[in-house]
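Q: Quick one, upload.cif (mmCIF, C-alpha atoms):
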```cif
data_my_file
#
loop_
_atom_site.group_PDB
_atom_site.id
_atom_site.type_symbol
_atom_site.label_atom_id
_atom_site.label_comp_id
_atom_site.auth_asym_id
_atom_site.auth_seq_id
_atom_site.Cartn_x
_atom_site.Cartn_y
_atom_site.Cartn_z
ATOM 1 C CA MET A 993 110.538 124.054 110.639
ATOM 2 C CA LYS A 994 110.165 126.875 113.175
ATOM 3 C CA VAL A 995 110.249 126.452 116.946
ATOM 4 C CA THR A 996 108.200 129.257 118.449
ATOM 5 C CA PHE A 997 106.683 130.524 121.682
ATOM 6 C CA GLU A 998 102.925 130.935 121.307
ATOM 7 C CA ARG A 999 101.085 133.587 123.263
ATOM 8 C CA VAL A 1000 97.642 132.287 124.200
ATOM 9 C CA ILE A 1001 94.907 134.832 124.910
ATOM 10 C CA PRO A 1002 91.765 133.540 126.679
ATOM 11 C CA ASP A 1003 88.441 134.042 124.944
ATOM 12 C CA GLU A 1004 86.446 137.145 125.865
ATOM 13 C CA LYS A 1005 84.751 136.793 129.265
ATOM 14 C CA SER A 1006 86.489 133.463 129.837
ATOM 15 C CA SER A 1007 89.487 132.146 131.763
ATOM 16 C CA PHE A 1008 90.577 129.832 128.936
ATOM 17 C CA ARG A 1009 90.605 129.512 125.165
ATOM 18 C CA THR A 1010 88.554 127.292 122.882
ATOM 19 C CA ILE A 1011 89.503 126.846 119.225
ATOM 20 C CA HIS A 1012 87.476 125.222 116.463
ATOM 21 C CA ASN A 1013 89.669 124.616 113.414
ATOM 22 C CA ASN A 1014 87.562 123.722 110.399
ATOM 23 C CA SER A 1015 89.311 125.509 107.557
ATOM 24 C CA PRO A 1016 91.592 124.185 104.792
ATOM 25 C CA ILE A 1017 94.897 123.110 106.281
ATOM 26 C CA SER A 1018 96.727 125.411 103.866
ATOM 27 C CA GLU A 1019 95.463 128.351 105.946
ATOM 28 C CA PHE A 1020 97.238 127.228 109.115
ATOM 29 C CA LYS A 1021 100.902 127.127 110.153
ATOM 30 C CA TRP A 1022 101.472 123.834 111.953
ATOM 31 C CA GLU A 1023 104.700 124.913 113.648
ATOM 32 C CA TYR A 1024 106.602 123.297 116.511
ATOM 33 C CA HIS A 1025 105.760 125.545 119.468
ATOM 34 C CA TYR A 1026 105.222 125.730 123.214
ATOM 35 C CA HIS A 1027 103.172 127.759 125.700
ATOM 36 C CA PRO A 1028 102.478 127.739 129.456
ATOM 37 C CA GLU A 1029 98.881 126.647 128.904
ATOM 38 C CA ILE A 1030 97.860 122.992 129.107
ATOM 39 C CA GLU A 1031 96.273 121.893 125.832
ATOM 40 C CA LEU A 1032 93.635 119.302 124.962
ATOM 41 C CA VAL A 1033 93.534 118.510 121.247
ATOM 42 C CA CYS A 1034 90.665 116.559 119.708
ATOM 43 C CA VAL A 1035 90.945 115.844 115.989
ATOM 44 C CA ILE A 1036 87.411 114.863 115.041
ATOM 45 C CA SER A 1037 88.413 112.715 112.076
ATOM 46 C CA GLY A 1038 91.162 112.241 109.536
ATOM 47 C CA SER A 1039 94.864 111.472 109.722
ATOM 48 C CA GLY A 1040 98.070 113.368 110.347
ATOM 49 C CA THR A 1041 101.152 113.501 112.558
ATOM 50 C CA ARG A 1042 101.317 114.043 116.303
ATOM 51 C CA HIS A 1043 104.605 115.541 117.499
ATOM 52 C CA VAL A 1044 104.627 116.010 121.270
ATOM 53 C CA GLY A 1045 107.914 116.487 123.097
ATOM 54 C CA TYR A 1046 110.303 113.796 121.894
ATOM 55 C CA HIS A 1047 107.485 111.670 120.485
ATOM 56 C CA LYS A 1048 106.505 111.681 116.816
ATOM 57 C CA SER A 1049 103.997 109.297 115.233
ATOM 58 C CA ASN A 1050 101.024 109.133 112.884
ATOM 59 C CA TYR A 1051 97.369 109.031 113.851
ATOM 60 C CA THR A 1052 94.310 107.968 111.876
ATOM 61 C CA ASN A 1053 90.577 108.303 112.470
ATOM 62 C CA GLY A 1054 91.099 111.380 114.612
ATOM 63 C CA ASP A 1055 92.962 111.828 117.879
ATOM 64 C CA LEU A 1056 92.648 112.992 121.487
ATOM 65 C CA VAL A 1057 95.800 114.154 123.288
ATOM 66 C CA LEU A 1058 96.414 116.159 126.469
ATOM 67 C CA ILE A 1059 99.658 118.162 126.401
ATOM 68 C CA GLY A 1060 101.209 119.631 129.543
ATOM 69 C CA SER A 1061 102.450 123.145 130.187
ATOM 70 C CA ASN A 1062 105.430 124.269 128.067
ATOM 71 C CA ILE A 1063 105.788 120.900 126.301
ATOM 72 C CA PRO A 1064 106.899 121.604 122.704
ATOM 73 C CA HIS A 1065 104.478 120.197 120.132
ATOM 74 C CA SER A 1066 103.297 120.667 116.561
ATOM 75 C CA GLY A 1067 99.798 121.444 115.394
ATOM 76 C CA PHE A 1068 97.959 118.205 114.696
ATOM 77 C CA GLY A 1069 97.191 119.333 111.156
ATOM 78 C CA LEU A 1070 100.812 118.521 110.356
ATOM 79 C CA ASN A 1071 100.922 116.195 107.313
ATOM 80 C CA SER A 1072 97.129 115.934 107.260
ATOM 81 C CA ILE A 1073 94.869 116.363 104.259
ATOM 82 C CA ASP A 1074 91.544 118.154 103.923
ATOM 83 C CA PRO A 1075 89.065 117.962 105.480
ATOM 84 C CA HIS A 1076 90.721 118.544 108.848
ATOM 85 C CA GLU A 1077 88.577 119.490 111.840
ATOM 86 C CA GLU A 1078 89.662 119.799 115.435
ATOM 87 C CA ILE A 1079 88.604 121.273 118.763
ATOM 88 C CA VAL A 1080 91.347 122.609 121.030
ATOM 89 C CA LEU A 1081 91.136 123.745 124.660
ATOM 90 C CA GLN A 1082 93.980 125.807 126.139
ATOM 91 C CA PHE A 1083 93.968 126.656 129.847
ATOM 92 C CA LYS A 1084 96.347 127.461 132.676
ATOM 93 C CA GLU A 1085 96.464 125.164 135.667
ATOM 94 C CA GLU A 1086 95.896 128.159 137.950
ATOM 95 C CA ILE A 1087 92.245 128.412 136.889
ATOM 96 C CA LEU A 1088 91.623 124.981 138.463
ATOM 97 C CA GLN A 1089 91.612 125.775 142.164
ATOM 98 C CA PHE A 1090 90.226 123.105 144.505
ATOM 99 C CA PRO A 1091 90.012 122.858 148.323
ATOM 100 C CA GLN A 1092 92.694 120.539 149.712
ATOM 101 C CA GLN A 1093 90.045 118.286 151.231
ATOM 102 C CA GLU A 1094 88.350 117.819 147.849
ATOM 103 C CA VAL A 1095 89.182 114.139 147.279
ATOM 104 C CA GLU A 1096 87.614 114.046 143.802
ATOM 105 C CA ALA A 1097 89.946 116.784 142.615
ATOM 106 C CA ARG A 1098 93.060 114.704 143.264
ATOM 107 C CA SER A 1099 92.459 112.680 140.125
ATOM 108 C CA ILE A 1100 92.457 115.871 138.037
ATOM 109 C CA LYS A 1101 95.719 116.976 139.630
ATOM 110 C CA ASN A 1102 97.224 113.585 138.828
ATOM 111 C CA LEU A 1103 95.972 113.905 135.243
ATOM 112 C CA LEU A 1104 97.645 117.288 134.818
ATOM 113 C CA GLU A 1105 100.883 115.915 136.238
ATOM 114 C CA LEU A 1106 100.814 113.080 133.691
ATOM 115 C CA SER A 1107 100.069 115.560 130.899
ATOM 116 C CA LYS A 1108 103.704 116.685 131.102
ATOM 117 C CA TYR A 1109 104.545 113.434 129.275
ATOM 118 C CA GLY A 1110 101.758 113.885 126.714
ATOM 119 C CA ILE A 1111 98.695 111.631 127.115
ATOM 120 C CA HIS A 1112 97.196 109.878 124.117
ATOM 121 C CA PHE A 1113 93.643 108.674 124.841
ATOM 122 C CA HIS A 1114 92.339 105.749 122.842
ATOM 123 C CA HIS A 1115 89.601 106.073 120.243
ATOM 124 C CA LYS A 1116 86.634 105.111 122.438
ATOM 125 C CA ILE A 1117 87.559 107.865 124.902
ATOM 126 C CA LYS A 1118 87.723 110.412 122.098
ATOM 127 C CA LYS A 1119 84.314 109.301 120.878
ATOM 128 C CA ALA A 1120 82.841 109.648 124.383
ATOM 129 C CA MET A 1121 84.340 113.134 124.900
ATOM 130 C CA LEU A 1122 83.356 114.559 121.516
ATOM 131 C CA PRO A 1123 79.749 115.538 122.417
ATOM 132 C CA ARG A 1124 80.996 117.518 125.447
ATOM 133 C CA LEU A 1125 83.681 119.211 123.380
ATOM 134 C CA LYS A 1126 81.139 120.224 120.739
ATOM 135 C CA LEU A 1127 78.861 121.531 123.468
ATOM 136 C CA MET A 1128 81.788 123.604 124.729
ATOM 137 C CA LEU A 1129 81.721 125.551 121.445
ATOM 138 C CA GLU A 1130 78.132 126.585 122.124
ATOM 139 C CA SER A 1131 78.393 127.323 125.855
ATOM 140 C CA GLU A 1132 79.170 130.529 127.724
ATOM 141 C CA GLY A 1133 80.036 131.690 131.211
ATOM 142 C CA TYR A 1134 80.009 129.291 134.140
ATOM 143 C CA LYS A 1135 78.470 126.501 132.025
ATOM 144 C CA ARG A 1136 81.583 126.572 129.866
ATOM 145 C CA TYR A 1137 83.876 126.383 132.886
ATOM 146 C CA LEU A 1138 81.872 123.534 134.414
ATOM 147 C CA LEU A 1139 82.121 121.662 131.122
ATOM 148 C CA LEU A 1140 85.912 121.976 131.270
ATOM 149 C CA LEU A 1141 85.918 120.528 134.785
ATOM 150 C CA GLU A 1142 83.601 117.735 133.693
ATOM 151 C CA ILE A 1143 85.807 116.846 130.723
ATOM 152 C CA LEU A 1144 88.970 116.803 132.834
ATOM 153 C CA PHE A 1145 87.303 114.756 135.556
ATOM 154 C CA GLU A 1146 86.093 112.151 133.054
ATOM 155 C CA LEU A 1147 89.548 111.962 131.469
ATOM 156 C CA SER A 1148 91.150 111.593 134.904
ATOM 157 C CA LYS A 1149 89.139 108.417 135.495
ATOM 158 C CA CYS A 1150 90.227 106.821 132.197
ATOM 159 C CA THR A 1151 92.707 103.980 132.104
ATOM 160 C CA ASP A 1152 92.586 103.500 128.327
ATOM 161 C CA TYR A 1153 95.506 105.760 127.432
ATOM 162 C CA GLU A 1154 99.245 105.789 126.862
ATOM 163 C CA LEU A 1155 101.985 108.265 127.710
ATOM 164 C CA LEU A 1156 103.752 109.555 124.611
ATOM 165 C CA ASN A 1157 107.082 110.267 126.318
ATOM 166 C CA LYS A 1158 109.162 108.448 128.896
ATOM 167 C CA GLU A 1159 110.527 111.668 130.328
ATOM 168 C CA ILE A 1160 109.550 115.311 130.314
ATOM 169 C CA MET A 1161 111.122 117.549 127.669
ATOM 170 C CA PRO A 1162 112.227 120.880 129.178
ATOM 171 C CA TYR A 1163 111.224 123.659 126.786
ATOM 172 C CA THR A 1164 114.485 125.387 127.707
ATOM 173 C CA ILE A 1165 116.314 122.775 125.613
ATOM 174 C CA ILE A 1166 114.446 123.957 122.551
ATOM 175 C CA SER A 1167 114.889 127.653 123.306
ATOM 176 C CA LYS A 1168 118.596 127.263 124.113
ATOM 177 C CA ASN A 1169 119.415 125.576 120.781
ATOM 178 C CA LYS A 1170 116.520 127.058 118.819
ATOM 179 C CA THR A 1171 118.303 128.468 115.764
ATOM 180 C CA ARG A 1172 120.634 125.529 115.229
ATOM 181 C CA LEU A 1173 117.868 122.927 115.603
ATOM 182 C CA GLU A 1174 115.528 124.939 113.387
ATOM 183 C CA ASN A 1175 118.124 124.958 110.607
ATOM 184 C CA ILE A 1176 118.684 121.204 110.882
ATOM 185 C CA PHE A 1177 114.989 120.321 111.036
ATOM 186 C CA THR A 1178 114.147 122.615 108.126
ATOM 187 C CA PHE A 1179 116.916 121.149 105.986
ATOM 188 C CA VAL A 1180 115.606 117.602 106.542
ATOM 189 C CA GLU A 1181 112.042 118.752 105.932
ATOM 190 C CA HIS A 1182 113.016 120.157 102.530
ATOM 191 C CA ASN A 1183 115.444 117.410 101.477
ATOM 192 C CA TYR A 1184 114.206 114.101 102.932
ATOM 193 C CA ASP A 1185 113.199 112.914 99.439
ATOM 194 C CA LYS A 1186 116.757 113.027 98.136
ATOM 195 C CA GLU A 1187 120.227 111.986 99.266
ATOM 196 C CA ILE A 1188 121.372 114.033 102.258
ATOM 197 C CA ASN A 1189 125.040 114.840 102.729
ATOM 198 C CA ILE A 1190 125.760 114.970 106.459
ATOM 199 C CA GLU A 1191 128.792 117.207 105.877
ATOM 200 C CA GLU A 1192 126.505 119.784 104.263
ATOM 201 C CA VAL A 1193 124.225 119.688 107.312
ATOM 202 C CA ALA A 1194 127.225 120.087 109.621
ATOM 203 C CA LYS A 1195 128.261 123.213 107.725
ATOM 204 C CA LEU A 1196 124.692 124.496 107.982
ATOM 205 C CA ALA A 1197 124.929 124.107 111.768
ATOM 206 C CA ASN A 1198 128.313 125.885 111.676
ATOM 207 C CA LEU A 1199 130.050 122.840 113.168
ATOM 208 C CA THR A 1200 132.764 120.465 112.071
ATOM 209 C CA LEU A 1201 131.499 116.991 111.185
ATOM 210 C CA PRO A 1202 132.681 115.374 114.463
ATOM 211 C CA ALA A 1203 131.295 118.284 116.481
ATOM 212 C CA PHE A 1204 127.970 118.085 114.633
ATOM 213 C CA CYS A 1205 127.629 114.340 115.207
ATOM 214 C CA ASN A 1206 128.419 114.842 118.894
ATOM 215 C CA PHE A 1207 125.964 117.750 119.215
ATOM 216 C CA PHE A 1208 123.098 115.942 117.494
ATOM 217 C CA LYS A 1209 123.573 112.696 119.414
ATOM 218 C CA LYS A 1210 123.821 114.597 122.692
ATOM 219 C CA ALA A 1211 120.713 116.631 121.858
ATOM 220 C CA THR A 1212 118.480 113.802 120.665
ATOM 221 C CA GLN A 1213 120.076 110.561 121.877
ATOM 222 C CA ILE A 1214 119.986 109.243 118.300
ATOM 223 C CA THR A 1215 122.313 109.758 115.359
ATOM 224 C CA PHE A 1216 121.486 112.133 112.538
ATOM 225 C CA THR A 1217 121.076 109.165 110.176
ATOM 226 C CA GLU A 1218 118.566 107.627 112.575
ATOM 227 C CA PHE A 1219 116.651 110.897 112.719
ATOM 228 C CA VAL A 1220 116.456 111.135 108.928
ATOM 229 C CA ASN A 1221 115.273 107.514 108.622
ATOM 230 C CA ARG A 1222 112.537 108.114 111.210
ATOM 231 C CA TYR A 1223 111.403 111.216 109.345
ATOM 232 C CA ARG A 1224 111.326 109.374 106.015
ATOM 233 C CA ILE A 1225 109.359 106.416 107.384
ATOM 234 C CA ASN A 1226 106.875 108.833 108.912
ATOM 235 C CA LYS A 1227 106.337 110.362 105.467
ATOM 236 C CA ALA A 1228 106.081 106.912 103.882
ATOM 237 C CA CYS A 1229 103.256 105.937 106.257
ATOM 238 C CA LEU A 1230 101.289 108.964 105.155
ATOM 239 C CA LEU A 1231 101.826 108.143 101.480
ATOM 240 C CA MET A 1232 100.697 104.559 102.035
ATOM 241 C CA ALA A 1233 97.557 105.861 103.669
ATOM 242 C CA GLN A 1234 96.914 107.565 100.331
ATOM 243 C CA ASP A 1235 97.195 104.231 98.443
ATOM 244 C CA LYS A 1236 100.680 104.804 97.043
ATOM 245 C CA SER A 1237 102.681 101.679 96.146
ATOM 246 C CA ILE A 1238 105.569 100.428 98.290
ATOM 247 C CA SER A 1239 108.200 101.249 95.686
ATOM 248 C CA GLU A 1240 106.677 104.672 95.061
ATOM 249 C CA CYS A 1241 106.752 105.418 98.798
ATOM 250 C CA SER A 1242 110.315 104.183 99.047
ATOM 251 C CA TYR A 1243 111.713 106.367 96.291
ATOM 252 C CA SER A 1244 109.523 109.368 97.139
ATOM 253 C CA CYS A 1245 110.918 109.386 100.675
ATOM 254 C CA GLY A 1246 114.596 109.231 99.766
ATOM 255 C CA PHE A 1247 115.221 105.473 99.953
ATOM 256 C CA ASN A 1248 117.057 104.299 96.849
ATOM 257 C CA ASN A 1249 116.827 100.651 97.890
ATOM 258 C CA VAL A 1250 113.431 99.037 98.484
ATOM 259 C CA THR A 1251 114.966 96.234 100.557
ATOM 260 C CA TYR A 1252 116.542 98.750 102.927
ATOM 261 C CA PHE A 1253 113.261 100.671 103.029
ATOM 262 C CA ASN A 1254 111.409 97.497 104.016
ATOM 263 C CA ARG A 1255 113.915 96.845 106.808
ATOM 264 C CA MET A 1256 113.644 100.387 108.190
ATOM 265 C CA PHE A 1257 109.846 100.343 107.930
ATOM 266 C CA LYS A 1258 109.685 97.129 109.956
ATOM 267 C CA LYS A 1259 112.039 98.591 112.558
ATOM 268 C CA TYR A 1260 109.943 101.675 113.236
ATOM 269 C CA THR A 1261 106.384 100.436 112.748
ATOM 270 C CA GLU A 1262 106.779 96.769 113.762
ATOM 271 C CA LYS A 1263 105.020 95.888 110.483
ATOM 272 C CA THR A 1264 106.261 95.238 106.975
ATOM 273 C CA PRO A 1265 105.040 97.715 104.342
ATOM 274 C CA SER A 1266 102.775 94.984 102.938
ATOM 275 C CA GLU A 1267 101.274 94.276 106.357
ATOM 276 C CA PHE A 1268 100.724 97.965 106.935
ATOM 277 C CA MET A 1269 98.946 98.437 103.609
ATOM 278 C CA LYS A 1270 96.856 95.288 104.088
ATOM 279 C CA ASN A 1271 95.731 96.193 107.584
ATOM 280 C CA PHE A 1272 95.464 99.934 107.114
ATOM 281 C CA ALA A 1273 91.994 101.214 107.897
ATOM 282 C CA PRO A 1274 90.558 104.352 109.490
ATOM 283 C CA LYS A 1275 90.566 102.591 112.863
ATOM 284 C CA VAL A 1276 94.256 101.679 112.773
ATOM 285 C CA ASN A 1277 96.622 103.925 114.722
ATOM 286 C CA VAL A 1278 100.254 103.499 113.706
ATOM 287 C CA ASP A 1279 102.997 104.700 116.029
ATOM 288 C CA LEU A 1280 106.576 104.961 114.862
ATOM 289 C CA LYS A 1281 108.259 103.119 117.711
ATOM 290 C CA VAL A 1282 111.960 102.751 118.370
ATOM 291 C CA GLU A 1283 113.724 100.797 121.064
ATOM 292 C CA ASN A 1284 114.855 103.948 122.820
ATOM 293 C CA GLU A 1285 112.626 107.016 122.797
ATOM 294 C CA VAL A 1286 114.316 110.218 121.612
ATOM 295 C CA LYS A 1287 115.593 112.094 124.636
ATOM 296 C CA ILE A 1288 117.024 115.576 124.847
ATOM 297 C CA LYS A 1289 119.197 116.261 127.858
ATOM 298 C CA ALA A 1290 119.943 119.569 129.485
ATOM 299 C CA GLY A 1291 123.395 120.980 129.935
ATOM 300 C CA PHE A 1292 124.941 121.036 126.496
#
```
Would you kindly transcribe this structure into structure tokens?
A:
Amino acid sequence: MKVTFERVIPDEKSSFRTIHNNSPISEFKWEYHYHPEIELVCVISGSGTRHVGYHKSNYTNGDLVLIGSNIPHSGFGLNSIDPHEEIVLQFKEEILQFPQQEVEARSIKNLLELSKYGIHFHHKIKKAMLPRLKLMLESEGYKRYLLLLEILFELSKCTDYELLNKEIMPYTIISKNKTRLENIFTFVEHNYDKEINIEEVAKLANLTLPAFCNFFKKATQITFTEFVNRYRINKACLLMAQDKSISECSYSCGFNNVTYFNRMFKKYTEKTPSEFMKNFAPKVNVDLKVENEVKIKAGF
């Protein structure tokens, strides 16, 4: 899994960029990336994985997330299936200039400050914003800019949301350890369905086993084993959404013991696999929660 800097170029005769993704997901690279622009992602329908900063969880029935400047994130087509359709707005905060006495603008400034943690808006907000976002695709000039302001102002008044992270992830942490983390993430991505030898991963990172364990725990605040289990449960949720059986999900995601799989599933989703499958519906949004959010600290 790559960790890249994305250069965002505004649309012609515009101060920001609008993207309408409506092609097969195989045509897109859903890489972990960052950019100075603030990003509003609206997945119109379908399921997939949201990975914003330290936070990683599944979404269903579409999604609406505001991501702050330079916060690493993956494309929301990650782990999704066709059809996948989304509207994305990318803009720099500098294009939003308001007079200091403009009281109404304070709520937008507060919204952008919160976006540094990643803001997940609940389904009814997404539904209300969708007509404006679709209109954005058809608009030009000042009407387009005014629509952006209108969307941000409406979102700034919402209280039906949750912050995805408890602290801001500095993008410098990713860039500083980019190659080493890329190698580790890619290895897990390609081998999560089989037994993983931690000594092999340590060699891949060019570290001794103790040094690797120390590095990974210091970088993520969880052990490597914990990271792998989270990744596997995330994959299992997606398989269950495709009507796979519990045992099939367990073995397909690298768990050789269904009892252990059930215990890990309950830990991260707060539901048993049976409860998840029974209650799963397009309107259910399942977050992979842990007691302590993954945190990456500077200075290592």
Q: Decode the PyMOL selection byres ((chain A and resi 1144) around 12) for the given file into explicit residues and return them as a ChimeraX atom specification.
A: /A:1030-1032,1058,1081,1083,1085,1088,1096-1104,1107,1121,1124-1125,1137-1143,1145-1150
Q: Please enumerate the residues selected by the PyMOL selection byres ((chain A and resi 1017) around 12) when evaluated against the supplied file, formatted as a PDB file with C-alpha atoms, in the coordinates of the input.
A:
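Listing of out.pdb after writing:
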```
ATOM      1  CA  ASN A1013      89.669 124.616 113.414  1.00  0.00           C
ATOM      2  CA  ASN A1014      87.562 123.722 110.399  1.00  0.00           C
ATOM      3  CA  SER A1015      89.311 125.509 107.557  1.00  0.00           C
ATOM      4  CA  PRO A1016      91.592 124.185 104.792  1.00  0.00           C
ATOM      5  CA  SER A1018      96.727 125.411 103.866  1.00  0.00           C
ATOM      6  CA  GLU A1019      95.463 128.351 105.946  1.00  0.00           C
ATOM      7  CA  PHE A1020      97.238 127.228 109.115  1.00  0.00           C
ATOM      8  CA  LYS A1021     100.902 127.127 110.153  1.00  0.00           C
ATOM      9  CA  TRP A1022     101.472 123.834 111.953  1.00  0.00           C
ATOM     10  CA  GLY A1038      91.162 112.241 109.536  1.00  0.00           C
ATOM     11  CA  GLY A1040      98.070 113.368 110.347  1.00  0.00           C
ATOM     12  CA  GLY A1067      99.798 121.444 115.394  1.00  0.00           C
ATOM     13  CA  PHE A1068      97.959 118.205 114.696  1.00  0.00           C
ATOM     14  CA  GLY A1069      97.191 119.333 111.156  1.00  0.00           C
ATOM     15  CA  LEU A1070     100.812 118.521 110.356  1.00  0.00           C
ATOM     16  CA  ASN A1071     100.922 116.195 107.313  1.00  0.00           C
ATOM     17  CA  SER A1072      97.129 115.934 107.260  1.00  0.00           C
ATOM     18  CA  ILE A1073      94.869 116.363 104.259  1.00  0.00           C
ATOM     19  CA  ASP A1074      91.544 118.154 103.923  1.00  0.00           C
ATOM     20  CA  PRO A1075      89.065 117.962 105.480  1.00  0.00           C
ATOM     21  CA  HIS A1076      90.721 118.544 108.848  1.00  0.00           C
ATOM     22  CA  GLU A1077      88.577 119.490 111.840  1.00  0.00           C
ATOM     23  CA  GLU A1078      89.662 119.799 115.435  1.00  0.00           C
TER      24      GLU A1078
END
```
Q: Using only C-alpha atoms, find the one residue out of A:Leu1056, A:Met1161, A:Cys1241, A:Val1220 that sits nearest to Thr1178 of chain A.
A: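 Checking each candidate against Thr1178 of chain A, we get A:Val1220 as the closest.
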Q: Of the candidates A:Asn1053, A:Gln1082, A:Ser1244, A:Ser1237, which one gets nearest to Pro1002 of chain A if we count all atoms listed in the file?
A: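 That would be A:Gln1082, the residue with the smallest distance to Pro1002 of chain A.
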Q: Calculate how many Å separate atom CA of Lys1116 of chain A from atom CA of Phe1008 of chain A, rounding to one decimal.
A: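 Interatomic distance here is 25.9 Å.
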Q: Pick the closest to Ile1176 of chain A from A:Leu1156, A:Ala1197, A:Ile1214, A:Ile1190: which is it, counting only C-alpha atoms?
A: A:Ala1197
Q: For a quick check of understanding, using only C-alpha atoms, which of A:Glu1218, A:Glu1159, A:Glu1132, A:Glu1023 has the smallest distance to Glu1004 of chain A?
A: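 Closest to Glu1004 of chain A, using only C-alpha atoms: A:Glu1132.
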Q: Select all residues near (103.8, 125.5, 116.9) (cut-off 9 Å, inclusive, file coordinates), counting only C-alpha atoms, and output them as a PyMOL selection string.
A: chain A and resi 994-998+1021-1026+1064-1067
Q: Let me see the file: selected residues, C-alpha atoms, as a PDB file, keeping the file's coordinate frame.
A:
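After the write, result-v3.pdb holds the following:
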```
ATOM      1  CA  LYS A 994     110.165 126.875 113.175  1.00  0.00           C
ATOM      2  CA  VAL A 995     110.249 126.452 116.946  1.00  0.00           C
ATOM      3  CA  THR A 996     108.200 129.257 118.449  1.00  0.00           C
ATOM      4  CA  PHE A 997     106.683 130.524 121.682  1.00  0.00           C
ATOM      5  CA  GLU A 998     102.925 130.935 121.307  1.00  0.00           C
ATOM      6  CA  LYS A1021     100.902 127.127 110.153  1.00  0.00           C
ATOM      7  CA  TRP A1022     101.472 123.834 111.953  1.00  0.00           C
ATOM      8  CA  GLU A1023     104.700 124.913 113.648  1.00  0.00           C
ATOM      9  CA  TYR A1024     106.602 123.297 116.511  1.00  0.00           C
ATOM     10  CA  HIS A1025     105.760 125.545 119.468  1.00  0.00           C
ATOM     11  CA  TYR A1026     105.222 125.730 123.214  1.00  0.00           C
ATOM     12  CA  PRO A1064     106.899 121.604 122.704  1.00  0.00           C
ATOM     13  CA  HIS A1065     104.478 120.197 120.132  1.00  0.00           C
ATOM     14  CA  SER A1066     103.297 120.667 116.561  1.00  0.00           C
ATOM     15  CA  GLY A1067      99.798 121.444 115.394  1.00  0.00           C
TER      16      GLY A1067
END
```
Q: Given the file above and the PyMOL selection byres ((chain A and resi 1153) around 10), which residues are selected, and can you give them as a PyMOL selection string?
A: chain A and resi 1056-1057+1111-1115+1117+1147+1150-1152+1154-1156
Q: Could you work out how far atom CA of His1043 of chain A lies from atom CA of Val1250 of chain A, giving the answer in Å with one decimal?
A: 26.7 Å
Q: Report, in Å to a single decimal, how far apart atom CA of Asn1157 of chain A and atom CA of Tyr1046 of chain A are.
A: 6.5 Å
Q: Box time for segment 1018-1029 of chain A: axis-aligned, enclosing all its listed atoms, 5 Å extra on each side; report centre and edge lengths in Å to one decimal, as lines of an AutoDock Vina configuration file.
A:
```
center_x = 101.0
center_y = 125.8
center_z = 116.7
size_x = 21.1
size_y = 15.1
size_z = 35.6
```
Q: Which is closest to Val1035 of chain A among A:Lys1126, A:Arg1255, A:Lys1084, A:Lys1236, if we use all atoms listed in the file?
A: A:Lys1126
Q: Please determine, counting all atoms listed in the file, which residue among A:Gly1054, A:Ile1079, A:Lys1263, A:Ala1211 has the shortest atom-to-atom distance to Leu1127 of chain A.
A: A:Ile1079
Q: Within 9 Å of Ala1233 of chain A, counting all atoms listed in the file, which residues qualify if same-chain residues fewer than 2 places away don't, as number ranges by chain?
A: A: 1039, 1228-1231, 1235-1236, 1269, 1272-1273
Q: Those same residues, written as a short mmCIF file (atom, residue, chain, number, x, y, z; two decimals), in the frame of the given file with C-alpha atoms?
A:
```cif
data_model
loop_
_atom_site.label_atom_id
_atom_site.label_comp_id
_atom_site.auth_asym_id
_atom_site.auth_seq_id
_atom_site.Cartn_x
_atom_site.Cartn_y
_atom_site.Cartn_z
CA SER A 1039 94.86 111.47 109.72
CA ALA A 1228 106.08 106.91 103.88
CA CYS A 1229 103.26 105.94 106.26
CA LEU A 1230 101.29 108.96 105.16
CA LEU A 1231 101.83 108.14 101.48
CA ASP A 1235 97.20 104.23 98.44
CA LYS A 1236 100.68 104.80 97.04
CA MET A 1269 98.95 98.44 103.61
CA PHE A 1272 95.46 99.93 107.11
CA ALA A 1273 91.99 101.21 107.90
#
```
Q: Any chance you could export segment 1129-1134 of chain A with N, CA, C and O atoms, as a short mmCIF file (atom, residue, chain, number, x, y, z; two decimals), in the first residue's frame?
A:
```cif
data_model
loop_
_atom_site.label_atom_id
_atom_site.label_comp_id
_atom_site.auth_asym_id
_atom_site.auth_seq_id
_atom_site.Cartn_x
_atom_site.Cartn_y
_atom_site.Cartn_z
N LEU A 1129 -21.99 19.75 -9.89
CA LEU A 1129 -21.42 19.17 -11.11
C LEU A 1129 -21.90 19.88 -12.36
O LEU A 1129 -21.25 19.82 -13.41
N GLU A 1130 -23.03 20.56 -12.26
CA GLU A 1130 -23.62 21.23 -13.41
C GLU A 1130 -23.38 22.73 -13.42
O GLU A 1130 -23.70 23.41 -14.39
N SER A 1131 -22.85 23.27 -12.33
CA SER A 1131 -22.72 24.72 -12.18
C SER A 1131 -21.36 25.23 -12.63
O SER A 1131 -20.38 24.48 -12.69
N GLU A 1132 -21.30 26.53 -12.90
CA GLU A 1132 -20.06 27.17 -13.32
C GLU A 1132 -19.92 28.52 -12.63
O GLU A 1132 -20.88 29.07 -12.09
N GLY A 1133 -18.69 29.04 -12.65
CA GLY A 1133 -18.44 30.39 -12.19
C GLY A 1133 -18.83 30.65 -10.75
O GLY A 1133 -18.66 29.79 -9.87
N TYR A 1134 -19.37 31.84 -10.51
CA TYR A 1134 -19.70 32.25 -9.14
C TYR A 1134 -20.77 31.39 -8.51
O TYR A 1134 -20.80 31.20 -7.29
#
```
